[in-house]
Structures are given as structure tokens and as C-alpha cells.
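S.K.: The structure's right below; bear with me while I get my questions together.
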Amino acid sequence: MATALPEPGTTLRERALVPVLVFLGTVVAVISSLGAPLIPTIATVDHVSLSDAQWSLTITMLVGAVATPVMGRLGDGPRRRPVVIGAAAVVVAGSVLAALPLGFGFLVAGRGLQGVGLGLTPLAIATARDGVPEERSRSAVALLSITTVAGVGLGYPLTGLIAQSFGIHAGFWFGAVISAIGLLAAILVLPGTAHREARPLDGLGAVLLGLSVAGLLLVLTEGESWGWASPRLLGLAVLAVLLLAWWVRHELRTAHPLVDLRTLRNRVVLTADLTGLVAGVAMYLLMSMVTRYVQTPTAAGYGFGATVVVAGLTLLPFSVFSVLSSKVVPVIARRFSTAAVLPLGCAVSLVSMLVFLFARDHLWQVLVVMAIAGLGVGCTFAVMPGLIVGSVPAREIGSAVSFNQVLRYVGYSTGSALCGAVLQAHTAAGHRLPSEDGYRAALLIGCVVWVLIGVATIVLPRRAAAVARSARAEVDEQLMVEESMADIAPGEDEVPLRVTR
């Protein structure tokens with residue numbers, strides 16, 4: 001009997017799956033960064049402060065932090081395809097709303113809708129894990145993780161060039177076009193997952209997570225204007241922490257949690273999640289500083305007075321070297337181990353902060369800083385999804401990777417807000433620009449962050465290995481006892497001794 005040949009359309013869809021997923025990941029990263037190089041321009045055009053204009057970037061990350069676990073949980077079931085398509089459609093709508101000249105409020109609302117797209121990356125990773133042969137899935141997952149970083153550096157110069165040539169809203173029209181292309185590609189190529197079991201959505205968990213994260217970010221961004229010791233700010237901080245504690249308790253007790261926090265008992269997963277959170281803070285802290293620093297007029301005593309286009313181009317080395325890191329990571333992993341990649345990436349990222357701290361008098365120095373940062377962050381983020389995928393059950397991959405992305409986005413939004421808060425604290429009354437001491441303070445914070453997370457990536461895996469060795473030693477000892485007792489034949493009056501594992 002003749003064997004049926006695969007349909008050409010099916011084969012083409014399978015071959016196009018990874019490129020489409022990578023394109024979706026790149027689109028998400030580009031759109032998430034659209035507001036960053038335009039922050040000074042948005043502040044001028046819409047007559048708002050720089051700290052308020054920073055919300056055009058922060059709101060996207062905040063919405064992404066809430067939407068990602070919801071989409072990840074829905075994507076673990078039979079609704080992955082409609083969830084991806086629906087989220088891509090929301091991104092298109094948000095891009096159009098942000099592009100229309102309706103004022104700052106509508107711009108922020110549109111940027112919030114664009115944040116829904118940040119939940120697409122973990123679903124793309126889960127799709128690659130399920131729909132790509134095993135020999136290709138690992139490299140596909142690593143590539144998808146890097147695109148979330150590389151796309152940021154790619155989006156900055158493109159946005160700057162379009163905005164400078166055609167106006168501030170043209171950059172968001174560009175986002176609408178590429179997100180519409182991504183939506184069409186997803187409709188044509190994405191496979192269905194009807195065979196997967198449906199699981200209830202934890203609505204209360206999503207609400208608690210969103211309110212707690214929003215509260216903490218509001219405290220960080222408004223601390224300078226409200227007063228760090230004001231009752232309103234302290235009350236909001238306490239409320240946000242209580243909501244976060246409620247969310248953790250709820251997630252540990254509910255039968256179908258939004259995020260299975262029990263996976264954090266696995267120290268490999270804990271290390272990846274902690275690294276994603278803290279590295280995200282440091283990454284966006286640096287990028288937010290660089291885009292503002294290079295656009296600062298030289299009359300301020302620092303900066304280069306660069307255009308939006310030049311500000312975007314300074315981040316292009318970050319994108320290029322983060323992609324090149326995908327070639328470096330396998331070499332490091334083979335020569336040493338996968339566990340060595342995380343601390344090495346943190347060390348390289350620390351070097352980028354130190355270089356910017358002591359050498360930022362020339363534009364070429366900023367380019368070197370961003371190249372070093374791209375290599376360090378690329379190495380760090382490239383291995384995290386693989387560590388998680390190899391440490392959790394298959395049914396929890398989407399949720400576990402989504403939670404890692406949530407922590408990244410919380411880190412991104414925290415880094416963005418932290419940059420605004422630190423620089424605002426070093427802005428004299430009646431002035432629009434901070435003193436250069438603000439950048440020094442922010443860079444020192446970034447250095448401390450990279451040192452702390454670098455130490456954690458060394459200590460946590462070693463403790464996990466020590467626990468594993470202890471457990472194996474205990475089992476081996478028990479087995480030796482059983483074997484020795486088996487060699488002793490019980491007498492007539494003796495009761496056989498039974499040792500159980």
C-alpha cells in the first residue's frame with residue numbers, strides 16, 4: 001500500500017512556524033520599546049513632565065506583566081491559537097490608538113493595549129517546544145528568548161528615524177503596520193492545540209497581581225512628587241504589599257493557580273526567575289538612561305544634544321551583540337556548563353555599567369557600553385527558558401515560562417520607573433533636566449543590582465546541587481543497609497528486619 005505524501009501546505013506551514021514565531025517575538029519587542037526614545041519628544045509635544053512621559057513606556061510593561069500569566073495559562077490548554085490571534089489583534093488596535101493625535105491620555109491607553117502583546121513571547125516559546133522537532137526546539141527556544149532583547153535595540157533606531165522624518169505619531173503607525181503583518185502570519189501558520197486539556201482561569205489571581213504590581217510601580221514613580229514620607233505614598237505601598245501577599249497565599253491554596261509558585265521550590269527555576277526579574281531592572285535602567293543622556297543638550301554640562309535617530313542608533317549595538325551572544329552561549333556551555341552562563345552574563349553586564357560610569361564623554365564610548373551590555377544580557381536571557389523547560393512538567397511549560405516573562409516585564413517596568421525616579425530626584429526645582437549626579441547614582445544602583453544577582457546565580461545552583469548530592473547519599477546509604485540485611489538469614493526465632501525506602 002502506498003504511503004500518503006504530506007500535503008504541500010502542511011509542510012510549508014511547518015517550515016514557516018519558527019520564522020513566524022521569531023517575527024512575532026521581534027514585533028513584540030519592537031512595539032514594547034516604541035515609547036523609549038520618544039519620551040523627551042512626548043513630554044514636549046503633549047506638555048507633560050519627563051516623569052509623566054515615562055509612563056508611555058512603563059504602562060506597556062505593567063499591562064504585559066498582568067496579561068502574560070493570563071495568556072500563558074490559557075495557552076497551556078486548547079485555546080492557544082485563538083489567544084495568540086486575539087492578543088495580536090489587540091496590539092494592532094492599541095497601535096492605531098497610540099498613533100492617532102488624540103492627546104497624552106489616549107497615547108498611554110494605546111500603549112497599554114500594546115502591552116497585551118508581551119504575553120505572546122512565552123506562548124511562542126511553548127509553541128516552538130510543542131510544534132518543532134526536539135533537535136531544533138532547543139535552539140528555537142533560545143532564539144525566541146534573545147529576540148525579546150534584540151528587538152528592543154532594533155526598535156529604537158527605527159522608531160527614531162520614522163519619528164524624526166514623519167512626526168511622533170508615525171512611529172506608532174509603523175508599530176500598527178508590523179503588528180498587522182504579524183497578526184496575518186499567525187492566522188496563516190499557527191497550529192491548533194485542541195487536543196490539550198482545558199484548565200480554569202484564575203481570575204482573582206490576575207486581579208490581585210495586577211493591582212499589587214501597579215501599586216508598587218506607582219509608589220516608585222510618584223515618590224518624588226508625592227514625598228517619600230507622605231501618608232498617601234506609605235499607605236499605597238502598604239496596600240500594594242498586602243495585595244501581593246494575598247496573591248501569593250491565593251496562588252498556593254487554589255486548585256488552578258494563575259502561576260504555580262510551587263515550581264520555585266526547584267532551585268533551577270528559582271534562579272532563572274530571580275535572574276529574569278533583577279536583570280530586567282538593570283537592563284531597562286541602563287537603556288532608559290542612555291536614551292535620555294545622549295539627547296540631553298550640551299548646555300546642561302553633559303550629554304550630546306543628539307536627535308531621536310542618533311539616540312536610537314546608540315542602542316543598535318545592543319541588539320547586534322545580543323543576537324551574537326546566541327553563538328557564544330553554546331561554546332561556554334560546552335566548555336564549562338550551562339550553569340556558568342548566567343553568572344558570566346551578569347559579570348559582562350556589570351562591566352557595561354562600570355564603563356558607562358567612568359567613560360561617557362564621547363558617543364563612541366556609549367556605543368561600546370551598549371555592545372557590552374547586549375552581549376551580557378543576551379547570554380543571560382538565552383539560557384533561562386531552556387533551564388525552565390528542562391525543569392518543569394510539560395503541562396506547566398507555558399505557565400512557567402510565562403511567569404519568567406512576567407518577572408522580566410516587572411523588572412523592565414521597574415527599571416524604567418526607577419530611572420525616572422532617580423533622575424527626577426536629582427532635578428532641581430524649576431528645571432527640566434537632572435544634574436549629572438543623577439546618572440551616577442542610577443549607575444551605582446545598577447552596579448549593585450548586577451553584583452547581587454551575579455552572586456545569586458552562583459550560590460543558588462550550588463545549594464541545589466548540594467541538596468541533590470545529600471539526597472542521593474541518603475538513598476545510597478539506605479540501599480547499602482538493605483543489601484547488608486539481605487545477606488543475613490533470619491533464624492527460627494528471629495523476625496526478619498524490613499527496611500523500606
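To be explicit about the labels: the chains of the C-alpha cells are called A, B, and onward in the order shown, and within each one the residues are counted from 1, while ligands get numbers from 1 in the order they are shown.
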Fewer than 5 positions away in the same chain doesn't count, so skip those; otherwise give me all residues within 12 Å of Ile332 in chain A, counting only C-alpha atoms, as a list in words.

M.R.: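 Contacts, with the query itself left out: Ser325, Ser326, Lys327, Ser337, Thr338, Ala339, Ala340, Val341, Leu342, Pro343, Leu344, Gly345, Cys379, Thr380 and Val383 of chain A.
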
S.K.: Report as number ranges by chain: the residues of range 115-294 of chain A with a DSSP assignment of alpha helix (DSSP H), based on the backbone of this structure.

M.R.: A: 120-131, 134-166, 168-189, 203-226, 231-253, 267-294

S.K.: From the set A:Asp130, A:Gly215, A:Val91, A:Val406, which residue has the shortest atom-to-atom contact distance to Leu239 in chain A, counting only C-alpha atoms?

M.R.: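 Checking each candidate against Leu239 in chain A, we get A:Gly215 as the closest.
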
S.K.: Select from range 208-256 of chain A every residue with an atom at most 12 Å from any atom of range 414-432 of chain A, then for each give the shortest pair of atoms and their distance in Å to one decimal, using only C-alpha atoms, rows by chain and rising number, as a Markdown table.

M.R.:
```
| residue | atom | partner | partner_atom | distance |
| --- | --- | --- | --- | --- |
| A:Val213 | CA | A:Thr414 | CA | 9.6 |
| A:Ala214 | CA | A:Thr414 | CA | 10.3 |
| A:Gly215 | CA | A:Thr414 | CA | 11.6 |
| A:Leu216 | CA | A:Thr414 | CA | 8.8 |
| A:Leu217 | CA | A:Thr414 | CA | 6.5 |
| A:Leu218 | CA | A:Ala417 | CA | 8.6 |
| A:Val219 | CA | A:Ala417 | CA | 9.6 |
| A:Leu220 | CA | A:Ala417 | CA | 6.5 |
| A:Thr221 | CA | A:Ala417 | CA | 5.4 |
| A:Glu222 | CA | A:Ala421 | CA | 7.5 |
| A:Gly223 | CA | A:Ala421 | CA | 7.3 |
| A:Glu224 | CA | A:Ala425 | CA | 6.1 |
| A:Ser225 | CA | A:Gln424 | CA | 8.7 |
| A:Trp226 | CA | A:Ala421 | CA | 11.6 |
| A:Gly227 | CA | A:Ala425 | CA | 10.4 |
| A:Trp228 | CA | A:Ala425 | CA | 10.6 |
```

S.K.: Considering only C-alpha atoms, state which residue in the set A:Gly276, A:Gly312, A:Gly119, A:Pro317 is at the smallest distance from Tyr293 in chain A.

M.R.: A:Gly312

S.K.: Hey, which of A:Gly103, A:Pro122, A:Pro40, A:Gly112 ends up closest to Gly305 in chain A? Count only C-alpha atoms.

M.R.: A:Pro40

S.K.: May I ask which of the residues A:Ala206, A:Val308, A:Val366, A:Leu460 is the closest one to Ile162 in chain A, counting only C-alpha atoms?

M.R.: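 Nearest candidate to Ile162 in chain A out of A:Ala206, A:Val308, A:Val366, A:Leu460: A:Val308.
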
S.K.: Counting only C-alpha atoms, which of A:Leu118, A:Val83, A:Ala359, A:Ile42 gets nearest to Ser402 in chain A?

M.R.: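 When distances to Ser402 in chain A are compared using only C-alpha atoms, the smallest one comes from A:Leu118.
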
S.K.: Between A:Val90, A:Val389, A:Leu107, A:Val20, single out the one closest to Ile59 in chain A, counting only C-alpha atoms.

M.R.: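 That would be A:Leu107, the residue with the smallest distance to Ile59 in chain A.
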
S.K.: How far is it from CA of Met71 in chain A to CA of Thr147 in chain A, in Å with one decimal?

M.R.: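 Between these atoms lies a distance of 19.2 Å.
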